[in-house]
Amino acid sequence: MFTFITKLSSCAILLIASLFSASLIYAGDVAPVGDTAYPAYGSCDTTSAPYLPTSWSANALLTPFQSQPLQVARVSVSSLPGQDSKMVVTTDNVLSKGPTAWYVQGEKTYALTNNEAGQLQCQLMLETPTPWVAPSSDLLVNSGCSCQGSNVVTGKESEAWRCPNGITAGTGSNKHDEYDWYWFTKDKNSFPNRIINSRNINAHDLPILGDASLVNFTDVTTSIDPLLKAADIACNSDSHSAVAASISSPKIDGLSYQTNDQPQPPTWPNTAFANGALFAVGGSHTSMAIYYDWNTKQEVSKIKSVDGSIQDTRLTKGITYEIVYEPDSTRICEGTLVDVGTWHPDWAHNDGCEYKATIEADSPLNPRGTPLQAMSCFFGGVGESASNIQAWYSYDDEPVMFYETNAGDLDLIDYYQWIPNAEIPKGVIYPISSCAGAAQPTTGCNSCHGKVS
């Protein structure tokens with residue numbers, strides 16, 4: 001069976017990086033091996049799914065499933081006991097095209113606008129693209145969610161909760177359930193910090209938040225925005241009477257779109273080491289250590305499961321080998337991907353990745369201390385099922401975030417250590433030339449990965 005390859009997209013085996021905490025950078029150092037090569041992963045404080053605050057507001061960066069502009073949202077929620085949950089959402093994209101606002105009460109959605117006098121007007125929407133329900137504080141309780149550990153997300157230690165979304169993927173021995181992921185800060189507040197929606201289905205009917213592939217929250221508080229209070233009055237009066245309230249574009253400090261002097265797609269060094277934590281929509285979370293050597297067109301990505309078992313994705317000039325280990329450390333090749341070799345250092349140029357936004361060093365999204373660019377790269381497919389690579393890189397070409405939307409296999413990795421121009425220890429990238437396992441052909445991967453010549 002393809003234990004790792006079938007859980008990761010065929011063409012996205014190693015183009016995976018996501019660092020929301022400050023990385024450790026040691027240019028030119030020797031890459032670590034053994035247990036020190038993998039990042040530590042924290043434990044959960046509880047087995048009970050967290051409650052959302054009964055009242056909360058936040059800014060959020062919304063990354064779409066396709067290659068549209070990034071969206072910025074302002075959300076404010078009230079879910080008091082004995083009352084319908086209420087939520088107001090205002091959005092605008094990073095190009096600042098103008099705000100759009102909605103008020104959701106229970107299962108009803110209203111469009112909000114300002115008239116010329118600056119008064120709030122409310123109109124019931126009889127149909128919406130997807131069913132929206134204002135989230136209650138027990139949104140994830142009794143939903144089958146389970147905590148998978150903790151890691152640092154945008155500078156905050158957070159617990160990662162995987163939640164069933166009703167999708168079953170794969171066939172035969174590879175058939176598996178898919179999950180969305182929710183991160184909550186690991187402190188007394190337990191604020192929402194990040195959401196991954198694996199598919200464009202909005203499994204929890206979240207207004208706006210459920211329609212994005214990735215949601216990063218900032219500036220979360222337990223206060224209620226005045227716009228929510230005003231919408232509650234305007235939309236619940238018999239005449240839907242107008243009240244004074246201004247709809248304005250939401251902002252996240254340090255997030256902007258640069259019309260001029262946009263950074264170019266990054267280029268990787270000829271050798272590198274990186275490690276991180278992987279969160280797959282198939283429900284697994286693992287630790288990863290990557291050894292990359294473009295000089296020899298060789299690479300190995302070592303995956304360590306929570307039970308301590310190791311498996312390798314071994315990339316060569318044109319074939320990827322799936323390797324598992326017997327208890328005595330004997331390597332067994334379980335299968336190959338044909339025409340998926342070691343990926344090019346300039347993969348982002350080759351794939352036509354597009355600049356989407358700048359995240360400045362002082363942004364709450366970026367505890368790194370150096371500016372980042374967000375970029376998007378078309379991956380494949382058509383329509384709502386199309387898949388895109390979404391990545392963050394530093395302006396000096398350090399990988400910061402990579403994940404694939406609508407993948408069905410891979411969503412996100414948080415990286416913790418990055419060594420450009422690393423010295424790869426002998427024996428880590430071991431020779432391989434044959435495999436007893438089945439070969440899986442691929443197409444459309446060669447703008448990023450090498451092929452058999």
# chains A, B, ... in the order shown; residues from 1 in each chain; ligands from 1

$ select_by_dssp --residues "region 167-309 of chain A" --states "helix (DSSP H, G or I)" --output "list in words"
Gly172, Ser173, Asn174, Leu209, Gly210, Asp211, Pro226, Leu227, Leu228, Lys229, Ala230, Ala231, Asp232, Ile233, Ala234, Cys235 and Asn236 of chain A

$ write_last_selection --atoms "N, CA and C atoms" --output "CSV table (one decimal), in the first residue's frame"
chain,number,residue,atom,x,y,z
A,172,GLY,N,-10.4,0.9,-1.7
A,172,GLY,CA,-9.7,-0.3,-1.2
A,172,GLY,C,-9.0,0.0,0.1
A,173,SER,N,-7.7,-0.5,0.2
A,173,SER,CA,-7.0,-0.3,1.5
A,173,SER,C,-6.6,1.1,1.7
A,174,ASN,N,-6.8,2.0,0.7
A,174,ASN,CA,-6.5,3.4,0.9
A,174,ASN,C,-7.7,4.3,1.2
A,209,LEU,N,-16.2,32.0,6.8
A,209,LEU,CA,-15.1,31.3,7.3
A,209,LEU,C,-15.0,29.9,6.8
A,210,GLY,N,-16.2,29.3,6.5
A,210,GLY,CA,-16.2,27.9,6.0
A,210,GLY,C,-16.0,27.8,4.5
A,211,ASP,N,-16.0,29.0,3.9
A,211,ASP,CA,-15.9,29.0,2.4
A,211,ASP,C,-14.4,29.3,2.0
A,226,PRO,N,-19.8,47.1,17.4
A,226,PRO,CA,-21.0,47.9,17.3
A,226,PRO,C,-21.9,47.5,16.1
A,227,LEU,N,-21.2,47.1,15.0
A,227,LEU,CA,-22.0,46.7,13.8
A,227,LEU,C,-22.9,45.5,14.1
A,228,LEU,N,-22.5,44.6,14.9
A,228,LEU,CA,-23.3,43.5,15.2
A,228,LEU,C,-24.6,43.9,16.0
A,229,LYS,N,-24.4,44.8,16.9
A,229,LYS,CA,-25.5,45.4,17.7
A,229,LYS,C,-26.5,46.1,16.8
A,230,ALA,N,-25.9,46.9,15.9
A,230,ALA,CA,-26.8,47.7,15.0
A,230,ALA,C,-27.5,46.8,14.0
A,231,ALA,N,-26.8,45.8,13.5
A,231,ALA,CA,-27.5,44.8,12.6
A,231,ALA,C,-28.6,44.1,13.3
A,232,ASP,N,-28.4,43.7,14.6
A,232,ASP,CA,-29.4,43.0,15.3
A,232,ASP,C,-30.7,43.9,15.4
A,233,ILE,N,-30.5,45.2,15.6
A,233,ILE,CA,-31.7,46.1,15.6
A,233,ILE,C,-32.3,46.2,14.2
A,234,ALA,N,-31.5,46.5,13.2
A,234,ALA,CA,-32.0,46.8,11.9
A,234,ALA,C,-32.7,45.6,11.3
A,235,CYS,N,-32.2,44.4,11.5
A,235,CYS,CA,-32.7,43.2,10.8
A,235,CYS,C,-33.8,42.6,11.6
A,236,ASN,N,-34.0,42.9,12.9
A,236,ASN,CA,-35.1,42.3,13.7
A,236,ASN,C,-36.3,43.3,13.9

$ closest_atom_pairs --of "region 75-155 of chain A" --to "region 359-380 of chain A" --cutoff "12 Å" --atoms "only C-alpha atoms" --output "JSON lines"
{"residue": "A:Val94", "atom": "CA", "partner": "A:Ile359", "partner_atom": "CA", "distance": 11.1}
{"residue": "A:Val152", "atom": "CA", "partner": "A:Pro367", "partner_atom": "CA", "distance": 10.7}
{"residue": "A:Val153", "atom": "CA", "partner": "A:Leu365", "partner_atom": "CA", "distance": 9.1}
{"residue": "A:Thr154", "atom": "CA", "partner": "A:Leu365", "partner_atom": "CA", "distance": 5.6}
{"residue": "A:Gly155", "atom": "CA", "partner": "A:Pro367", "partner_atom": "CA", "distance": 5.8}

$ closest_atom_pairs --of "region 187-212 of chain A" --to "region 37-54 of chain A" --cutoff "10 Å" --atoms "only C-alpha atoms" --output "Markdown table"
| residue | atom | partner | partner_atom | distance |
| --- | --- | --- | --- | --- |
| A:Asp187 | CA | A:Asp45 | CA | 9.8 |
| A:Asn189 | CA | A:Pro53 | CA | 8.1 |
| A:Ser190 | CA | A:Pro50 | CA | 7.2 |
| A:Phe191 | CA | A:Leu52 | CA | 7.1 |
| A:Pro192 | CA | A:Leu52 | CA | 7.4 |

$ residues_around --residues "region 294-307 of chain A" --least-positions-apart "6" --cutoff "9 Å" --atoms "only C-alpha atoms" --output "list in words"
Phe4, Ile13, Leu14, Tyr38, Pro269, Asn270, Thr271, Ala272, Leu278, Ser284, His285, Thr286, Ser287, Met288, Thr313, Arg314, Leu315, Thr316, Lys317, Gly318, Gly341, Thr342, Trp343, His344, Pro345, Val428, Ile429, Tyr430 and Gly450 of chain A

$ closest_residue --among "A:Gln71, A:Ala439, A:Gln121, A:Pro431" --to "Asn216 (chain A)" --atoms "only C-alpha atoms"
A:Gln71

$ select_by_dssp --residues "region 368-426 of chain A" --states "strand (DSSP E or B)" --output "ChimeraX atom specification"
/A:372-380,387-394,399-404,412-420,423

$ atom_distance --atom1 "CA of Asp261 (chain A)" --atom2 "CA of Pro64 (chain A)"
24.0 Å
